[in-house]
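Below is structure-v7.tsv, which holds TSV, C-alpha atoms.
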```tsv
chain	number	residue	atom	x	y	z
O	289	MET	CA	16.53	-20.79	-10.87
O	290	ALA	CA	18.25	-21.64	-7.64
O	291	GLY	CA	16.20	-20.99	-4.54
O	292	ILE	CA	12.87	-20.46	-6.40
O	293	ASN	CA	10.08	-22.91	-5.82
O	294	ALA	CA	8.49	-23.31	-9.26
O	295	ARG	CA	5.45	-25.07	-7.75
O	296	ARG	CA	4.56	-21.97	-5.73
O	297	ILE	CA	4.93	-19.57	-8.65
O	298	PHE	CA	3.39	-21.57	-11.50
O	299	HIS	CA	0.33	-23.75	-11.05
O	300	PRO	CA	0.51	-26.75	-13.46
O	301	ASN	CA	-2.88	-25.91	-15.00
O	302	LEU	CA	-1.84	-22.29	-15.45
O	303	ILE	CA	1.29	-23.38	-17.35
O	304	LYS	CA	-0.91	-25.51	-19.65
O	305	VAL	CA	-3.16	-22.51	-20.30
O	306	VAL	CA	-0.21	-20.27	-21.14
O	307	ILE	CA	1.29	-22.86	-23.51
O	308	THR	CA	-1.91	-23.95	-25.28
O	309	GLY	CA	-3.81	-20.65	-25.13
O	310	ASP	CA	-6.89	-22.37	-23.69
O	311	LYS	CA	-9.22	-20.57	-21.33
O	312	ILE	CA	-8.90	-21.43	-17.66
O	313	MET	CA	-11.71	-23.65	-16.44
O	314	LEU	CA	-13.87	-22.45	-13.59
O	315	SER	CA	-12.62	-25.20	-11.29
O	316	THR	CA	-9.02	-24.22	-11.98
O	317	GLN	CA	-9.71	-20.55	-11.29
O	318	LEU	CA	-11.42	-21.42	-8.03
O	319	LYS	CA	-8.52	-23.68	-7.04
O	320	LEU	CA	-6.03	-20.91	-7.78
O	321	LEU	CA	-8.04	-18.45	-5.70
O	322	LYS	CA	-8.31	-20.98	-2.87
O	323	GLU	CA	-4.56	-21.63	-2.93
O	324	LYS	CA	-3.87	-17.90	-3.04
O	325	ARG	CA	-5.96	-17.45	0.13
O	326	LYS	CA	-4.36	-20.58	1.67
O	327	LEU	CA	-7.69	-22.14	2.61
O	328	THR	CA	-8.64	-25.78	2.97
O	329	ASN	CA	-11.88	-27.11	1.51
O	330	GLN	CA	-13.32	-27.35	5.04
O	331	GLN	CA	-12.39	-23.73	5.82
O	332	LEU	CA	-13.91	-22.61	2.52
O	333	SER	CA	-17.07	-24.56	3.36
O	334	ASP	CA	-17.29	-22.95	6.79
O	335	LEU	CA	-16.81	-19.46	5.34
O	336	SER	CA	-19.14	-19.85	2.36
O	337	GLY	CA	-21.85	-22.14	3.71
O	338	VAL	CA	-21.44	-24.45	0.69
O	339	PRO	CA	-21.21	-28.15	1.70
O	340	VAL	CA	-17.72	-29.68	1.57
O	341	GLY	CA	-18.88	-32.37	-0.87
O	342	THR	CA	-20.12	-29.73	-3.30
O	343	ILE	CA	-16.85	-27.82	-3.00
O	344	ASN	CA	-14.87	-31.03	-3.63
O	345	ARG	CA	-16.92	-31.80	-6.77
O	346	ILE	CA	-16.63	-28.25	-8.11
O	347	LEU	CA	-12.89	-27.95	-7.48
O	348	SER	CA	-12.14	-31.39	-8.93
O	349	GLY	CA	-14.07	-30.56	-12.09
O	350	GLN	CA	-16.64	-33.31	-11.60
O	351	THR	CA	-19.46	-30.76	-11.75
O	352	ASP	CA	-19.68	-29.42	-15.31
O	353	ASN	CA	-22.17	-26.69	-14.50
O	354	PRO	CA	-22.11	-25.72	-10.80
O	355	SER	CA	-24.86	-23.50	-9.46
O	356	PHE	CA	-24.21	-19.79	-9.66
O	357	GLN	CA	-25.10	-19.36	-5.99
O	358	ALA	CA	-22.52	-21.93	-4.86
O	359	VAL	CA	-19.78	-20.35	-7.00
O	360	CYS	CA	-20.79	-16.86	-5.86
O	361	ASP	CA	-20.71	-17.90	-2.18
O	362	MET	CA	-17.30	-19.51	-2.62
O	363	VAL	CA	-15.81	-16.50	-4.40
O	364	MET	CA	-17.23	-14.03	-1.88
O	365	ALA	CA	-15.89	-16.16	1.01
O	366	MET	CA	-12.42	-15.96	-0.58
O	367	ASP	CA	-12.72	-12.16	-1.06
O	368	GLY	CA	-12.57	-12.66	-4.80
O	369	SER	CA	-14.35	-10.97	-7.66
O	370	LEU	CA	-16.87	-12.64	-9.94
O	371	ASP	CA	-15.81	-10.24	-12.70
O	372	GLU	CA	-12.22	-11.43	-12.49
O	373	LEU	CA	-13.41	-15.02	-12.34
O	374	VAL	CA	-15.17	-14.75	-15.70
O	375	GLY	CA	-12.46	-12.62	-17.26
O	376	ILE	CA	-14.02	-9.16	-17.14
O	377	LYS	CA	-11.27	-6.68	-16.53
O	378	GLU	CA	-12.09	-3.15	-15.61
O	379	GLU	CA	-10.13	-0.71	-17.70
O	380	PRO	CA	-8.73	2.24	-15.81
O	381	PRO	CA	-10.43	5.49	-16.78
O	382	THR	CA	-8.63	7.78	-19.19
O	383	GLU	CA	-7.63	11.30	-18.24
O	384	GLU	CA	-10.51	12.65	-20.34
O	385	GLN	CA	-13.03	10.41	-18.59
O	386	ARG	CA	-11.73	11.46	-15.16
O	387	ASP	CA	-11.94	15.14	-16.15
O	388	ARG	CA	-15.48	14.72	-17.45
O	389	ALA	CA	-16.54	12.85	-14.30
O	390	SER	CA	-14.97	15.56	-12.13
O	391	LYS	CA	-16.78	18.29	-14.05
O	392	GLU	CA	-20.10	16.44	-13.79
O	393	LEU	CA	-19.61	15.97	-10.06
O	394	LEU	CA	-18.67	19.62	-9.62
O	395	ALA	CA	-21.76	20.71	-11.59
O	396	LEU	CA	-23.92	18.44	-9.42
O	397	TYR	CA	-22.47	19.90	-6.23
O	398	GLU	CA	-22.91	23.45	-7.51
O	399	SER	CA	-26.56	22.82	-8.39
O	400	MET	CA	-27.16	21.26	-4.96
O	401	ILE	CA	-25.55	24.28	-3.26
O	402	ALA	CA	-27.64	26.68	-5.36
O	403	SER	CA	-30.80	24.79	-4.44
O	404	LYS	CA	-29.93	24.81	-0.75
O	405	ASN	CA	-29.07	28.50	-0.88
O	406	THR	CA	-32.51	29.19	-2.38
O	407	TRP	CA	-34.21	27.29	0.46
O	408	ILE	CA	-32.06	29.05	3.07
O	409	HIS	CA	-33.07	32.41	1.58
O	410	ARG	CA	-36.76	31.42	1.69
O	411	LEU	CA	-36.42	30.23	5.28
O	412	PHE	CA	-34.73	33.51	6.26
O	413	ILE	CA	-37.60	35.52	4.75
O	414	CYS	CA	-40.16	33.38	6.61
O	415	CYS	CA	-38.29	33.84	9.90
O	416	CYS	CA	-38.11	37.61	9.37
O	417	ALA	CA	-41.84	37.70	8.64
O	418	LEU	CA	-42.59	35.74	11.83
O	419	VAL	CA	-40.37	38.04	13.90
O	420	LEU	CA	-42.15	41.09	12.45
O	421	ILE	CA	-45.58	39.60	13.19
O	422	LEU	CA	-44.49	38.73	16.73
O	423	ALA	CA	-43.06	42.23	17.25
O	424	PHE	CA	-46.30	43.75	15.97
O	425	LEU	CA	-48.35	41.63	18.39
O	426	VAL	CA	-46.14	42.56	21.36
O	427	ILE	CA	-46.27	46.27	20.50
O	428	PHE	CA	-50.04	46.08	19.94
O	429	ASP	CA	-50.42	44.28	23.25
O	430	LEU	CA	-48.37	46.90	25.11
O	431	VAL	CA	-50.23	49.82	23.47
O	432	ASN	CA	-53.66	48.37	24.34
O	433	PRO	CA	-53.48	47.51	28.04
O	434	THR	CA	-57.01	46.09	28.22
O	435	VAL	CA	-56.43	43.42	25.58
O	436	GLY	CA	-53.83	40.64	25.31
O	437	PHE	CA	-51.18	39.20	27.63
O	438	PHE	CA	-49.96	42.44	29.20
O	439	ARG	CA	-52.89	43.88	31.13
O	440	SER	CA	-52.81	46.68	33.64
```

Encoded form using structure tokens:
Amino acid sequence: MAGINARRIFHPNLIKVVITGDKIMLSTQLKLLKEKRKLTNQQLSDLSGVPVGTINRILSGQTDNPSFQAVCDMVMAMDGSLDELVGIKEEPPTEEQRDRASKELLALYESMIASKNTWIHRLFICCCALVLILAFLVIFDLVNPTVGFFRS
């Protein structure tokens, strides 16, 4: 492997996990994410609002059960995902699921359009009725010169 820096590709703790089949500890996952983002502990503290001492204890593994808020703040500051951190992987939707979702969305849009068309029709009828009433009043006013706005 000439020219390849093995330290950059394989983290020592990650190699241990692959060989032994153990689960990656939270501190190791956070360290990997921090190294991936090329942040120092101080930069991570500034971005997340978690004190540097707390970050040092969490990343070194001294804290067995760190607070959820501190971990959440650290992960969000590193643009990471809590789901990925705990091992939840989102499966891509199948073709059938995408088709069903598309059909449901299309049906929703069609029902919304039908509803809006109904309201537009009702509004049109109301406007026509108002125009007819207004036309009647103007004609009545013009026919009766002693009453209304148009007087002789």

*Could you please determine the separation between CA of Thr342 (chain O) and CA of Ala365 (chain O) in Å, to one decimal place?*
14.9 Å

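Among the candidates O:Val363, O:Cys415, O:Ser403, O:Gln350, the residue lying nearest to Gln317 (chain O) is O:Val363 (atoms considered: all atoms listed in the file).
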
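Closest approach to Ser355 (chain O) among O:Glu323, O:Glu384, O:Leu314, O:Ser369 is made by O:Leu314 (distances from all atoms listed in the file).
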
*If you measure from CA of Ser348 (chain O) to CA of Ser315 (chain O), what distance in Å do you get, rounded to one decimal?*
6.6 Å

Keeping just N, CA and C atoms, export region 312-325 of chain O of this structure as a PDB file, in the first residue's frame.
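Output below, filename out_35.pdb:
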```pdb
ATOM      1  N   ILE O 312     -19.489  -0.170  18.322  1.00  0.00           N
ATOM      2  CA  ILE O 312     -18.663   1.014  18.540  1.00  0.00           C
ATOM      3  C   ILE O 312     -19.233   1.795  19.717  1.00  0.00           C
ATOM      4  N   MET O 313     -18.361   2.175  20.635  1.00  0.00           N
ATOM      5  CA  MET O 313     -18.791   2.956  21.788  1.00  0.00           C
ATOM      6  C   MET O 313     -19.162   4.359  21.340  1.00  0.00           C
ATOM      7  N   LEU O 314     -19.993   5.001  22.120  1.00  0.00           N
ATOM      8  CA  LEU O 314     -20.451   6.344  21.811  1.00  0.00           C
ATOM      9  C   LEU O 314     -19.275   7.302  21.683  1.00  0.00           C
ATOM     10  N   SER O 315     -18.318   7.200  22.596  1.00  0.00           N
ATOM     11  CA  SER O 315     -17.166   8.111  22.554  1.00  0.00           C
ATOM     12  C   SER O 315     -16.375   7.918  21.267  1.00  0.00           C
ATOM     13  N   THR O 316     -16.250   6.691  20.814  1.00  0.00           N
ATOM     14  CA  THR O 316     -15.517   6.410  19.583  1.00  0.00           C
ATOM     15  C   THR O 316     -16.254   6.974  18.376  1.00  0.00           C
ATOM     16  N   GLN O 317     -17.566   6.821  18.367  1.00  0.00           N
ATOM     17  CA  GLN O 317     -18.355   7.359  17.253  1.00  0.00           C
ATOM     18  C   GLN O 317     -18.249   8.875  17.195  1.00  0.00           C
ATOM     19  N   LEU O 318     -18.309   9.505  18.362  1.00  0.00           N
ATOM     20  CA  LEU O 318     -18.184  10.962  18.405  1.00  0.00           C
ATOM     21  C   LEU O 318     -16.790  11.413  17.967  1.00  0.00           C
ATOM     22  N   LYS O 319     -15.756  10.661  18.372  1.00  0.00           N
ATOM     23  CA  LYS O 319     -14.396  10.995  17.947  1.00  0.00           C
ATOM     24  C   LYS O 319     -14.262  10.877  16.437  1.00  0.00           C
ATOM     25  N   LEU O 320     -14.821   9.804  15.869  1.00  0.00           N
ATOM     26  CA  LEU O 320     -14.756   9.620  14.424  1.00  0.00           C
ATOM     27  C   LEU O 320     -15.455  10.762  13.694  1.00  0.00           C
ATOM     28  N   LEU O 321     -16.603  11.162  14.193  1.00  0.00           N
ATOM     29  CA  LEU O 321     -17.348  12.258  13.581  1.00  0.00           C
ATOM     30  C   LEU O 321     -16.570  13.565  13.700  1.00  0.00           C
ATOM     31  N   LYS O 322     -15.939  13.769  14.855  1.00  0.00           N
ATOM     32  CA  LYS O 322     -15.144  14.979  15.068  1.00  0.00           C
ATOM     33  C   LYS O 322     -13.937  15.007  14.132  1.00  0.00           C
ATOM     34  N   GLU O 323     -13.279  13.868  13.975  1.00  0.00           N
ATOM     35  CA  GLU O 323     -12.128  13.792  13.076  1.00  0.00           C
ATOM     36  C   GLU O 323     -12.559  13.976  11.622  1.00  0.00           C
ATOM     37  N   LYS O 324     -13.712  13.425  11.285  1.00  0.00           N
ATOM     38  CA  LYS O 324     -14.237  13.576   9.928  1.00  0.00           C
ATOM     39  C   LYS O 324     -14.488  15.048   9.609  1.00  0.00           C
ATOM     40  N   ARG O 325     -14.975  15.804  10.582  1.00  0.00           N
ATOM     41  CA  ARG O 325     -15.255  17.236  10.394  1.00  0.00           C
ATOM     42  C   ARG O 325     -14.017  18.101  10.632  1.00  0.00           C
TER      43      ARG O 325
END
```
